[in-house]
Amino acid sequence: MTDKPRSPAGSSADQPEPASEHGMSRRQLLRHAGWFGSAVVLTVAGGEVISHIAHDQDSAAAAAVAADANALRFVQVSDSHIGFDGPANTDVTGSFSEALEQINTLGFRPDFVMHTGDLTHLSTPAQFDQVQQMLGGVRTGRVFTVPGEHDSVGDAGRAYRQRFGAGTSGDGWYSFDTHGVHFIALVNTLSLEKLGHLGADQIDFVRRDVAGLKPDTPIVVFSHIPLFAMYPEWGWSTDDALQVLALLKRFASVTCLNGHVHQLFSRTEGNVTFHSATTTAYPLPAPGHGPAPTPQVLPAGQLKSALGIRSVTYRQGTAALALTDERLA
Amino acid sequence: MKTASARTIALRTALAATLAASGYIHAQLYITGYRYIHVIGVMFLLQASASFAIAALLLIGDPPLIRLAAAGAAGGALTGFAASRTTGVFGFVERGLQPSPQSLQSILVETATLLLLAPALIRTLRRLRASRRQDLSGPRRSSGRWASRPR
Amino acid sequence: MNLPVHRRASRMLKPAVLGLTGLGAAMLLAACGSPAHPVAQQTALSAGAGQSLAGTPGSTATGPLATPSAMPGMTMSAPAGGGSTTSAPAAAVGGDTVAIKGFAFAPANLVVKAGTTVTWTNQDTDAHTVTSQGNAGPLASAALTRGQTYAYTFTTPGTYAYLCTIHPFMTATVTVTK
């Protein structure tokens, strides 16, 4: 379609069409443009219709959830890294504060907020003070946390557990129930080698914890490091996670929500869906892009689009949890 | 294409049906959750709306451009499926024939689209080659070098 | 396709498209039926069997969120444990040295004689630690910020595997010979 018209317009009207790449009459060009234009216009129109239907579904679902006192709504935030200071984000406190403000203006009061680890950057008392104070300002039923490796720097998580460990077992793991969903919060950042590690005690805890549950109970598992092999070369995996996932095989719906990797990422393996959350601090490269998972400096003004929060809704009778990842506004 | 025989009309209708089916599966997956997945959501929406658009146009006619677009929509979806099971697509990975049964259905209708298109595409290619030969052996560009090219 | 056909085509185009789009939309809407009625269930938070409820209560305030005060004096706490840390940049006091640079230990496999003091210096802007793998060995630095160093004297021959607990993909070894 690159050649210039070789014959005067109209001369080929009743002749066999020459192959298009050997030149094109004006009429042929117009006809091509017409087909192409129609395709584009129809595609855009179709896209509008589909997204409109999706939007209506959303509003209908949102209205149903709002009207449904039994619907579960919670928020996941992750990797606030309070205390980090670098060119990738010179104001992590400000970013985290914005994220919390976004939770407070969601239009509903979440049943709980879960921070999936790396609350602080270096586990100092001042950083823990700061993050604890900030999380206390979130309007929600309850604030839960799991530790990241940045929350157990040098002390195997003792300082973390002093502040956030009330009601937890072992090294800080626990479970809870609400709206018919069973939630398990795991700690896989303490005795880590290269990969995340749960340990025999914690796996035993899960075994006992789910023993009495019916197979149709939806299960949600929180951890800091992914429980799936997202990118083991960078430590983005948990070496003994399969033992826990084997214990959850008999359940119809298992959703694993993690942080650590500072980016959205989803994977489905059988009955289990994994969703990595983004951060409120600074982005990391996509798996394998670059020599190491180092903080990424984005062009001015683009940082906020890499940061965000995740809200999750669940209504009994629906197939799965609905996740909505929002960028920082 | 001047007089569309019953056979070509049947073929075009079948093509439109398989494309619309592929678009429908992608639209449904988009609405029920894939739109929440970064980048992938937009690609599902694009595949769905483009498939519907091309299906509509196929009811009217099937110039090479539209046939090519049809092959693109079906082939693109298949490529995306293969990539998401192997290398990942923008960080998105799925395993096996999940979601079920949509993934298998979509593979089948997209393969059908490509199979229905294959004869026409081959014919177009052959016609292009033929006209090029004709063109090359014509007076304007004939030269010993090109004329001696094996058929 | 000649001109009259084309004109006829464009006349057909609109209704055909509208019909198809409408059909698709109707099918999509029909497919997305309303989910089953929820049954009565417990909506409060409760701890798992045999546990007390973890977490902390959220805020009940209804006004705007108070902006938290700025971090009070973000300074590194003094290191705990057997190593010694100085803030002086890379003042390697004899012995062998390991640079922590670009999220890696260099050299990754150091060989020294027993009695050697090895010094690690963090040259990255991000913090790192020097920690024996499995928390079982002698290396246990605090988080080293840029320019900080950690030193350890190896007395017993053997291979010491260590990592940065903040970035566990950073691994290296020190081999101590007699």
# chains A, B, ... in the order shown; residues from 1 in each chain; ligands from 1

call {"tool": "residues_around", "arguments": {"residues": "segment 120-123 of chain A", "least_positions_apart": "5", "cutoff": "8 Å", "atoms": "only C-alpha atoms", "output": "PyMOL selection string"}}
result
(chain A and resi 79-84+128+131+150-153+159-160) or (chain C and resi 127+143)

call {"tool": "write_last_selection", "arguments": {"atoms": "N, CA and C atoms", "output": "PDB file, in the first residue's frame"}}
result
ATOM      1  N   ASP A  79       4.155  -2.448  51.504  1.00  0.00           N
ATOM      2  CA  ASP A  79       5.476  -1.885  51.231  1.00  0.00           C
ATOM      3  C   ASP A  79       5.514  -0.364  51.328  1.00  0.00           C
ATOM      4  N   SER A  80       5.178   0.142  52.547  1.00  0.00           N
ATOM      5  CA  SER A  80       5.223   1.597  52.729  1.00  0.00           C
ATOM      6  C   SER A  80       6.653   2.074  52.961  1.00  0.00           C
ATOM      7  N   HIS A  81       7.547   1.171  53.420  1.00  0.00           N
ATOM      8  CA  HIS A  81       8.983   1.487  53.575  1.00  0.00           C
ATOM      9  C   HIS A  81       9.225   2.821  54.267  1.00  0.00           C
ATOM     10  N   ILE A  82       8.475   3.054  55.350  1.00  0.00           N
ATOM     11  CA  ILE A  82       8.662   4.320  56.068  1.00  0.00           C
ATOM     12  C   ILE A  82      10.117   4.411  56.541  1.00  0.00           C
ATOM     13  N   GLY A  83      10.787   5.497  56.186  1.00  0.00           N
ATOM     14  CA  GLY A  83      12.200   5.666  56.514  1.00  0.00           C
ATOM     15  C   GLY A  83      13.097   5.580  55.296  1.00  0.00           C
ATOM     16  N   PHE A  84      12.547   5.058  54.180  1.00  0.00           N
ATOM     17  CA  PHE A  84      13.333   5.039  52.931  1.00  0.00           C
ATOM     18  C   PHE A  84      13.547   6.474  52.461  1.00  0.00           C
ATOM     19  N   PHE A 128       8.931   2.518  63.256  1.00  0.00           N
ATOM     20  CA  PHE A 128       7.760   1.775  63.729  1.00  0.00           C
ATOM     21  C   PHE A 128       6.745   2.715  64.371  1.00  0.00           C
ATOM     22  N   VAL A 131       4.840   4.564  61.535  1.00  0.00           N
ATOM     23  CA  VAL A 131       3.894   3.773  60.749  1.00  0.00           C
ATOM     24  C   VAL A 131       2.708   3.355  61.622  1.00  0.00           C
ATOM     25  N   HIS A 150      12.070  -6.085  55.755  1.00  0.00           N
ATOM     26  CA  HIS A 150      12.543  -4.789  56.239  1.00  0.00           C
ATOM     27  C   HIS A 150      12.035  -4.485  57.652  1.00  0.00           C
ATOM     28  N   ASP A 151      11.063  -5.284  58.125  1.00  0.00           N
ATOM     29  CA  ASP A 151      10.533  -5.061  59.472  1.00  0.00           C
ATOM     30  C   ASP A 151      11.227  -5.947  60.502  1.00  0.00           C
ATOM     31  N   SER A 152      12.201  -6.727  60.054  1.00  0.00           N
ATOM     32  CA  SER A 152      12.887  -7.624  60.984  1.00  0.00           C
ATOM     33  C   SER A 152      14.389  -7.513  60.787  1.00  0.00           C
ATOM     34  N   VAL A 153      14.842  -6.297  60.483  1.00  0.00           N
ATOM     35  CA  VAL A 153      16.268  -6.100  60.233  1.00  0.00           C
ATOM     36  C   VAL A 153      17.024  -6.230  61.550  1.00  0.00           C
ATOM     37  N   ALA A 159      11.112  -6.446  67.424  1.00  0.00           N
ATOM     38  CA  ALA A 159      10.523  -5.109  67.551  1.00  0.00           C
ATOM     39  C   ALA A 159       9.161  -5.058  66.852  1.00  0.00           C
ATOM     40  N   TYR A 160       9.059  -5.727  65.718  1.00  0.00           N
ATOM     41  CA  TYR A 160       7.777  -5.781  64.998  1.00  0.00           C
ATOM     42  C   TYR A 160       6.714  -6.419  65.865  1.00  0.00           C
TER      43      TYR A 160
ATOM     44  N   ALA C 127      20.125   0.396  51.938  1.00  0.00           N
ATOM     45  CA  ALA C 127      20.774  -0.261  53.068  1.00  0.00           C
ATOM     46  C   ALA C 127      20.918  -1.758  52.823  1.00  0.00           C
ATOM     47  N   ALA C 143      21.741  -2.919  59.830  1.00  0.00           N
ATOM     48  CA  ALA C 143      21.548  -2.403  58.479  1.00  0.00           C
ATOM     49  C   ALA C 143      22.599  -1.339  58.220  1.00  0.00           C
TER      50      ALA C 143
END

call {"tool": "interface_residues", "arguments": {"of": "chain A", "to": "chain C", "cutoff": "6 Å", "atoms": "only C-alpha atoms", "output": "CSV table (one decimal) with N, CA and C atoms, in the first residue's frame"}}
result
chain,number,residue,atom,x,y,z
A,136,GLY,N,-3.0,4.1,62.7
A,136,GLY,CA,-4.1,4.3,63.6
A,136,GLY,C,-5.1,5.3,63.1
A,137,GLY,N,-4.8,6.1,62.1
A,137,GLY,CA,-5.7,7.1,61.5
A,137,GLY,C,-6.6,6.5,60.4
A,138,VAL,N,-6.5,5.3,60.1
A,138,VAL,CA,-7.3,4.7,59.0
A,138,VAL,C,-8.7,4.4,59.6
A,139,ARG,N,-9.7,4.8,58.8
A,139,ARG,CA,-11.1,4.6,59.3
A,139,ARG,C,-11.5,3.2,58.8
A,140,THR,N,-11.4,2.2,59.6
A,140,THR,CA,-11.7,0.8,59.3
A,140,THR,C,-12.0,0.1,60.6
A,141,GLY,N,-12.6,-1.1,60.4
A,141,GLY,CA,-12.9,-1.9,61.6
A,141,GLY,C,-11.6,-2.4,62.3
A,142,ARG,N,-10.6,-2.8,61.6
A,142,ARG,CA,-9.4,-3.3,62.2
A,142,ARG,C,-8.2,-3.2,61.2
A,143,VAL,N,-7.0,-3.0,61.8
A,143,VAL,CA,-5.8,-3.0,61.0
A,143,VAL,C,-5.0,-4.2,61.3
A,144,PHE,N,-4.7,-5.0,60.2
A,144,PHE,CA,-3.9,-6.1,60.3
A,144,PHE,C,-2.6,-5.9,59.6
A,149,GLU,N,10.7,-8.3,55.3
A,149,GLU,CA,12.1,-8.5,55.7
A,149,GLU,C,12.6,-7.2,56.2
A,150,HIS,N,12.1,-6.1,55.8
A,150,HIS,CA,12.5,-4.8,56.2
A,150,HIS,C,12.0,-4.5,57.7
A,154,GLY,N,17.9,-7.2,61.6
A,154,GLY,CA,18.8,-7.3,62.8
A,154,GLY,C,18.2,-7.9,64.0
A,166,ALA,N,0.3,-8.6,69.0
A,166,ALA,CA,-0.7,-9.0,69.9
A,166,ALA,C,-1.7,-10.0,69.3
A,167,GLY,N,-2.0,-11.1,69.9
A,167,GLY,CA,-2.9,-12.1,69.4
A,167,GLY,C,-2.4,-13.0,68.3
A,168,THR,N,-1.1,-12.9,68.1
A,168,THR,CA,-0.5,-13.8,67.0
A,168,THR,C,0.1,-15.0,67.7
A,175,SER,N,-4.8,-16.2,62.2
A,175,SER,CA,-5.9,-16.4,61.3
A,175,SER,C,-7.1,-15.7,61.9
A,176,PHE,N,-8.1,-15.4,61.0
A,176,PHE,CA,-9.3,-14.8,61.5
A,176,PHE,C,-10.4,-15.1,60.5
A,177,ASP,N,-11.6,-14.9,60.9
A,177,ASP,CA,-12.8,-15.2,60.1
A,177,ASP,C,-13.7,-13.9,60.0
A,178,THR,N,-14.3,-13.7,58.9
A,178,THR,CA,-15.4,-12.7,58.8
A,178,THR,C,-16.1,-13.0,57.5
A,179,HIS,N,-17.5,-12.7,57.5
A,179,HIS,CA,-18.3,-12.9,56.3
A,179,HIS,C,-18.2,-14.2,55.7
A,191,SER,N,13.2,-16.6,58.7
A,191,SER,CA,14.4,-17.5,58.5
A,191,SER,C,14.6,-17.7,57.1
A,193,GLU,N,16.4,-17.8,53.5
A,193,GLU,CA,17.7,-18.0,52.9
A,193,GLU,C,17.7,-17.0,51.7
A,194,LYS,N,17.7,-17.6,50.5
A,194,LYS,CA,17.5,-16.7,49.4
A,194,LYS,C,16.0,-16.4,49.2
A,234,TRP,N,15.4,-13.6,41.9
A,234,TRP,CA,15.5,-12.4,42.8
A,234,TRP,C,14.9,-12.6,44.2
A,235,GLY,N,14.7,-13.9,44.5
A,235,GLY,CA,14.1,-14.2,45.8
A,235,GLY,C,12.6,-14.1,45.9
A,316,GLN,N,-21.2,-13.5,49.4
A,316,GLN,CA,-21.4,-14.9,49.4
A,316,GLN,C,-22.3,-15.3,48.3
A,317,GLY,N,-22.0,-16.4,47.6
A,317,GLY,CA,-22.7,-16.8,46.4
A,317,GLY,C,-22.0,-16.4,45.1
A,318,THR,N,-21.1,-15.5,45.2
A,318,THR,CA,-20.3,-15.2,44.0
A,318,THR,C,-19.1,-16.1,43.9

call {"tool": "residues_around", "arguments": {"residues": "Leu116 of chain B", "least_positions_apart": "3", "cutoff": "12 Å", "atoms": "only C-alpha atoms", "output": "PyMOL selection string"}}
result
chain B and resi 8+10-19+67+70-71+74+109-113+119-122

call {"tool": "residues_around", "arguments": {"residues": "segment 47-55 of chain A", "least_positions_apart": "3", "cutoff": "7 Å", "atoms": "only C-alpha atoms", "output": "ChimeraX atom specification"}}
result
/A:43-44,58-59 /B:27,31,45-46,49

call {"tool": "atom_distance", "arguments": {"atom1": "atom CA of Thr119 of chain C", "atom2": "atom CA of Ile100 of chain C"}}
result
10.4 Å

call {"tool": "closest_residue", "arguments": {"among": "B:Ser106, B:Thr32, B:Thr87, B:Gln134", "to": "chain C", "atoms": "only C-alpha atoms"}}
result
B:Thr32

call {"tool": "residues_around", "arguments": {"residues": "Val206 of chain A", "least_positions_apart": "6", "cutoff": "8 Å", "atoms": "only C-alpha atoms", "output": "compact mmCIF listing (two decimals) with N, CA and C atoms, in the first residue's frame"}}
result
# COMPACT_ATOMS: atom_id res chain seq x y z
N ILE A 184 -5.87 -16.19 56.53
CA ILE A 184 -4.65 -16.68 57.18
C ILE A 184 -3.54 -15.68 56.86
N VAL A 244 2.10 -25.62 52.15
CA VAL A 244 0.89 -24.93 52.60
C VAL A 244 -0.20 -25.02 51.52
N LEU A 247 -2.07 -28.13 51.58
CA LEU A 247 -3.09 -28.19 52.63
C LEU A 247 -4.37 -27.47 52.20

call {"tool": "select_by_dssp", "arguments": {"residues": "segment 179-273 of chain A", "states": "alpha helix (DSSP H)", "output": "list of chain:residue names"}}
result
A:Ala200, A:Asp201, A:Gln202, A:Ile203, A:Asp204, A:Phe205, A:Val206, A:Arg207, A:Arg208, A:Asp209, A:Val210, A:Ala241, A:Leu242, A:Gln243, A:Val244, A:Leu245, A:Ala246, A:Leu247

call {"tool": "write_last_selection", "arguments": {"atoms": "N, CA and C atoms", "output": "PDB file, in the first residue's frame"}}
result
ATOM      1  N   ALA A 200       8.473 -25.358  59.547  1.00  0.00           N
ATOM      2  CA  ALA A 200       7.597 -26.475  59.915  1.00  0.00           C
ATOM      3  C   ALA A 200       6.523 -26.049  60.913  1.00  0.00           C
ATOM      4  N   ASP A 201       6.879 -25.204  61.887  1.00  0.00           N
ATOM      5  CA  ASP A 201       5.908 -24.782  62.906  1.00  0.00           C
ATOM      6  C   ASP A 201       4.715 -24.097  62.261  1.00  0.00           C
ATOM      7  N   GLN A 202       5.008 -23.214  61.296  1.00  0.00           N
ATOM      8  CA  GLN A 202       3.946 -22.439  60.680  1.00  0.00           C
ATOM      9  C   GLN A 202       3.069 -23.325  59.785  1.00  0.00           C
ATOM     10  N   ILE A 203       3.699 -24.274  59.109  1.00  0.00           N
ATOM     11  CA  ILE A 203       2.941 -25.198  58.261  1.00  0.00           C
ATOM     12  C   ILE A 203       2.016 -26.049  59.134  1.00  0.00           C
ATOM     13  N   ASP A 204       2.515 -26.465  60.299  1.00  0.00           N
ATOM     14  CA  ASP A 204       1.666 -27.188  61.256  1.00  0.00           C
ATOM     15  C   ASP A 204       0.490 -26.327  61.692  1.00  0.00           C
ATOM     16  N   PHE A 205       0.780 -25.054  61.924  1.00  0.00           N
ATOM     17  CA  PHE A 205      -0.290 -24.126  62.330  1.00  0.00           C
ATOM     18  C   PHE A 205      -1.386 -24.089  61.272  1.00  0.00           C
ATOM     19  N   VAL A 206      -0.987 -23.994  60.006  1.00  0.00           N
ATOM     20  CA  VAL A 206      -1.985 -23.948  58.930  1.00  0.00           C
ATOM     21  C   VAL A 206      -2.767 -25.255  58.885  1.00  0.00           C
ATOM     22  N   ARG A 207      -2.056 -26.383  59.049  1.00  0.00           N
ATOM     23  CA  ARG A 207      -2.727 -27.682  59.004  1.00  0.00           C
ATOM     24  C   ARG A 207      -3.826 -27.739  60.056  1.00  0.00           C
ATOM     25  N   ARG A 208      -3.486 -27.353  61.299  1.00  0.00           N
ATOM     26  CA  ARG A 208      -4.487 -27.383  62.374  1.00  0.00           C
ATOM     27  C   ARG A 208      -5.573 -26.351  62.115  1.00  0.00           C
ATOM     28  N   ASP A 209      -5.165 -25.199  61.582  1.00  0.00           N
ATOM     29  CA  ASP A 209      -6.079 -24.073  61.424  1.00  0.00           C
ATOM     30  C   ASP A 209      -7.199 -24.370  60.427  1.00  0.00           C
ATOM     31  N   VAL A 210      -6.879 -25.077  59.336  1.00  0.00           N
ATOM     32  CA  VAL A 210      -7.901 -25.308  58.309  1.00  0.00           C
ATOM     33  C   VAL A 210      -8.604 -26.649  58.488  1.00  0.00           C
ATOM     34  N   ALA A 241       6.393 -23.077  50.264  1.00  0.00           N
ATOM     35  CA  ALA A 241       4.987 -22.683  50.119  1.00  0.00           C
ATOM     36  C   ALA A 241       4.114 -23.829  49.612  1.00  0.00           C
ATOM     37  N   LEU A 242       4.718 -24.729  48.824  1.00  0.00           N
ATOM     38  CA  LEU A 242       3.909 -25.816  48.251  1.00  0.00           C
ATOM     39  C   LEU A 242       3.279 -26.673  49.339  1.00  0.00           C
ATOM     40  N   GLN A 243       3.955 -26.789  50.475  1.00  0.00           N
ATOM     41  CA  GLN A 243       3.385 -27.589  51.564  1.00  0.00           C
ATOM     42  C   GLN A 243       2.114 -26.951  52.095  1.00  0.00           C
ATOM     43  N   VAL A 244       2.101 -25.618  52.148  1.00  0.00           N
ATOM     44  CA  VAL A 244       0.888 -24.927  52.596  1.00  0.00           C
ATOM     45  C   VAL A 244      -0.196 -25.017  51.523  1.00  0.00           C
ATOM     46  N   LEU A 245       0.197 -24.810  50.268  1.00  0.00           N
ATOM     47  CA  LEU A 245      -0.797 -24.857  49.193  1.00  0.00           C
ATOM     48  C   LEU A 245      -1.410 -26.252  49.091  1.00  0.00           C
ATOM     49  N   ALA A 246      -0.617 -27.297  49.400  1.00  0.00           N
ATOM     50  CA  ALA A 246      -1.156 -28.660  49.380  1.00  0.00           C
ATOM     51  C   ALA A 246      -2.258 -28.807  50.429  1.00  0.00           C
ATOM     52  N   LEU A 247      -2.070 -28.132  51.579  1.00  0.00           N
ATOM     53  CA  LEU A 247      -3.093 -28.193  52.629  1.00  0.00           C
ATOM     54  C   LEU A 247      -4.374 -27.475  52.199  1.00  0.00           C
TER      55      LEU A 247
END

call {"tool": "atom_distance", "arguments": {"atom1": "atom CA of Ser84 of chain B", "atom2": "atom CA of Asn271 of chain A"}}
result
17.7 Å

call {"tool": "residues_around", "arguments": {"residues": "Ala281 of chain A", "least_positions_apart": "4", "cutoff": "12 Å", "atoms": "only C-alpha atoms", "output": "PyMOL selection string"}}
result
chain A and resi 77-99+118-121+259-263+295-297+303-309+328
